[in-house]
Amino acid sequence: MPERVAVAIAVALLVAGCVPFGGKPIPRSPLPTAASVTSPVATATPAPSLALDGTVQSVALSAQVIFLSAPVMGVTTIAIAEGTRIVDDEGNPLTLRRIGPGCSIRAIGRRRGTGDALLAAQIIVHDPLPSR
């Protein structure tokens, strides 16, 4: 009989540890699964900076994109980001409105993937349009 009492007390203590006084089970965090465990991911090396000289075919002001009249190193489109600097040959800041068809530019930036676009960090306009 003392063995049964000891077993009953052990079971009661075990159950008491799993179910608190209110009778509701204690929520437990799930064990990690293969889907929830993250493994280190190799990060891609940033693309090297690319500088190209070209002639502007057109500018899409609302899209912030410059289209070149001919591909240069496979690039036909130059995308303007929020931090893109647009300057003249002397380094004076310009707006995108000062770039138009026939303008000669130098774009410096990074190519995105294997596409035909360059994300410009800086654009130097050799012959900007007059101020409007």
# chains A, B, ... in the order shown; residues from 1 in each chain; ligands from 1

call {"tool": "residues_around", "arguments": {"residues": "stretch 107-124 of chain A", "least_positions_apart": "2", "cutoff": "12 Å", "atoms": "only C-alpha atoms", "output": "VMD selection string"}}
result
chain A and resid 44 to 56 64 to 68 70 to 96 98 to 99 103 to 105 126 to 128

call {"tool": "write_last_selection", "arguments": {"atoms": "N, CA and C atoms", "output": "compact mmCIF listing (two decimals), in the first residue's frame"}}
result
# COMPACT_ATOMS: atom_id res chain seq x y z
N ALA A 44 24.62 37.54 -51.48
CA ALA A 44 25.24 37.81 -52.76
C ALA A 44 26.20 38.98 -52.63
N THR A 45 27.28 38.89 -53.33
CA THR A 45 28.23 39.99 -53.36
C THR A 45 27.62 41.10 -54.21
N PRO A 46 27.65 42.34 -53.71
CA PRO A 46 27.06 43.41 -54.50
C PRO A 46 27.73 43.53 -55.87
N ALA A 47 26.91 43.89 -56.85
CA ALA A 47 27.44 44.04 -58.20
C ALA A 47 28.45 45.19 -58.22
N PRO A 48 29.50 45.04 -59.00
CA PRO A 48 30.48 46.12 -59.06
C PRO A 48 29.88 47.36 -59.73
N SER A 49 30.43 48.50 -59.39
CA SER A 49 29.97 49.75 -59.96
C SER A 49 30.33 49.78 -61.44
N LEU A 50 29.44 50.35 -62.23
CA LEU A 50 29.61 50.40 -63.68
C LEU A 50 29.43 51.84 -64.12
N ALA A 51 30.31 52.31 -64.98
CA ALA A 51 30.18 53.66 -65.56
C ALA A 51 30.01 53.51 -67.05
N LEU A 52 29.03 54.22 -67.60
CA LEU A 52 28.81 54.17 -69.03
C LEU A 52 28.45 55.54 -69.57
N ASP A 53 28.83 55.78 -70.81
CA ASP A 53 28.53 57.03 -71.50
C ASP A 53 27.52 56.72 -72.60
N GLY A 54 26.48 57.56 -72.70
CA GLY A 54 25.47 57.32 -73.72
C GLY A 54 24.72 58.59 -74.08
N THR A 55 23.86 58.43 -75.07
CA THR A 55 23.03 59.53 -75.54
C THR A 55 21.58 59.21 -75.19
N VAL A 56 20.89 60.19 -74.67
CA VAL A 56 19.51 60.01 -74.21
C VAL A 56 18.56 60.00 -75.40
N GLN A 64 10.80 58.18 -63.46
CA GLN A 64 12.20 58.41 -63.07
C GLN A 64 13.14 57.46 -63.81
N VAL A 65 12.98 57.43 -65.15
CA VAL A 65 13.76 56.53 -65.99
C VAL A 65 14.28 57.29 -67.21
N ILE A 66 15.52 57.00 -67.57
CA ILE A 66 16.13 57.54 -68.79
C ILE A 66 16.34 56.38 -69.75
N PHE A 67 15.93 56.57 -70.99
CA PHE A 67 16.13 55.56 -72.04
C PHE A 67 17.25 56.03 -72.96
N LEU A 68 18.21 55.16 -73.21
CA LEU A 68 19.32 55.51 -74.09
C LEU A 68 18.95 55.24 -75.54
N ALA A 70 20.91 54.03 -77.82
CA ALA A 70 21.52 52.76 -78.24
C ALA A 70 22.05 52.05 -77.00
N PRO A 71 22.03 50.72 -76.99
CA PRO A 71 22.55 49.99 -75.83
C PRO A 71 24.04 50.30 -75.60
N VAL A 72 24.40 50.45 -74.35
CA VAL A 72 25.79 50.63 -73.96
C VAL A 72 26.11 49.53 -72.96
N MET A 73 27.01 48.62 -73.33
CA MET A 73 27.33 47.46 -72.49
C MET A 73 26.07 46.69 -72.11
N GLY A 74 25.10 46.65 -73.01
CA GLY A 74 23.86 45.92 -72.77
C GLY A 74 22.81 46.71 -72.02
N VAL A 75 23.13 47.93 -71.60
CA VAL A 75 22.19 48.76 -70.82
C VAL A 75 21.45 49.69 -71.77
N THR A 76 20.11 49.70 -71.65
CA THR A 76 19.28 50.61 -72.44
C THR A 76 18.46 51.54 -71.55
N THR A 77 18.37 51.21 -70.27
CA THR A 77 17.52 51.96 -69.34
C THR A 77 18.33 52.33 -68.10
N ILE A 78 18.17 53.57 -67.66
CA ILE A 78 18.83 54.03 -66.44
C ILE A 78 17.74 54.44 -65.46
N ALA A 79 17.72 53.78 -64.32
CA ALA A 79 16.70 54.05 -63.29
C ALA A 79 17.27 55.05 -62.29
N ILE A 80 16.45 56.03 -61.95
CA ILE A 80 16.82 57.06 -60.98
C ILE A 80 16.21 56.68 -59.64
N ALA A 81 17.03 56.59 -58.61
CA ALA A 81 16.54 56.29 -57.26
C ALA A 81 16.48 57.58 -56.45
N GLU A 82 15.97 57.49 -55.24
CA GLU A 82 15.83 58.68 -54.39
C GLU A 82 17.19 59.33 -54.11
N GLY A 83 18.23 58.54 -53.97
CA GLY A 83 19.53 59.10 -53.64
C GLY A 83 20.43 59.39 -54.84
N THR A 84 19.92 59.23 -56.06
CA THR A 84 20.73 59.47 -57.25
C THR A 84 21.10 60.95 -57.36
N ARG A 85 22.40 61.20 -57.56
CA ARG A 85 22.87 62.58 -57.76
C ARG A 85 22.92 62.87 -59.25
N ILE A 86 22.32 63.97 -59.67
CA ILE A 86 22.38 64.42 -61.06
C ILE A 86 23.12 65.74 -61.06
N VAL A 87 24.23 65.78 -61.80
CA VAL A 87 25.08 66.97 -61.82
C VAL A 87 25.53 67.28 -63.25
N ASP A 88 26.04 68.52 -63.43
CA ASP A 88 26.65 68.86 -64.71
C ASP A 88 28.15 68.56 -64.62
N ASP A 89 28.89 68.94 -65.66
CA ASP A 89 30.33 68.65 -65.69
C ASP A 89 31.11 69.30 -64.55
N GLU A 90 30.61 70.40 -64.03
CA GLU A 90 31.29 71.09 -62.93
C GLU A 90 30.83 70.61 -61.56
N GLY A 91 29.89 69.68 -61.52
CA GLY A 91 29.40 69.16 -60.25
C GLY A 91 28.22 69.91 -59.68
N ASN A 92 27.68 70.86 -60.44
CA ASN A 92 26.49 71.60 -59.99
C ASN A 92 25.26 70.70 -60.08
N PRO A 93 24.43 70.69 -59.03
CA PRO A 93 23.26 69.82 -59.07
C PRO A 93 22.25 70.23 -60.14
N LEU A 94 21.64 69.23 -60.75
CA LEU A 94 20.60 69.42 -61.76
C LEU A 94 19.39 68.58 -61.38
N THR A 95 18.26 68.88 -62.02
CA THR A 95 17.08 68.04 -61.86
C THR A 95 16.95 67.17 -63.11
N LEU A 96 16.12 66.16 -63.01
CA LEU A 96 15.89 65.27 -64.15
C LEU A 96 15.29 66.03 -65.33
N ARG A 98 16.30 68.59 -66.62
CA ARG A 98 17.38 69.18 -67.44
C ARG A 98 18.00 68.14 -68.37
N ILE A 99 17.45 66.92 -68.37
CA ILE A 99 17.93 65.86 -69.26
C ILE A 99 16.83 65.59 -70.30
N CYS A 103 20.78 64.55 -75.17
CA CYS A 103 21.77 64.88 -74.14
C CYS A 103 22.79 63.75 -74.02
N SER A 104 24.03 64.16 -73.80
CA SER A 104 25.10 63.20 -73.58
C SER A 104 25.31 63.07 -72.07
N ILE A 105 25.28 61.83 -71.57
CA ILE A 105 25.38 61.61 -70.12
C ILE A 105 26.41 60.54 -69.80
N HIS A 126 26.53 66.12 -69.66
CA HIS A 126 27.55 66.94 -70.32
C HIS A 126 26.96 68.16 -71.00
N ASP A 127 25.74 68.06 -71.48
CA ASP A 127 25.10 69.18 -72.18
C ASP A 127 23.63 69.28 -71.75
N PRO A 128 23.41 69.77 -70.52
CA PRO A 128 22.04 69.83 -70.00
C PRO A 128 21.13 70.78 -70.79
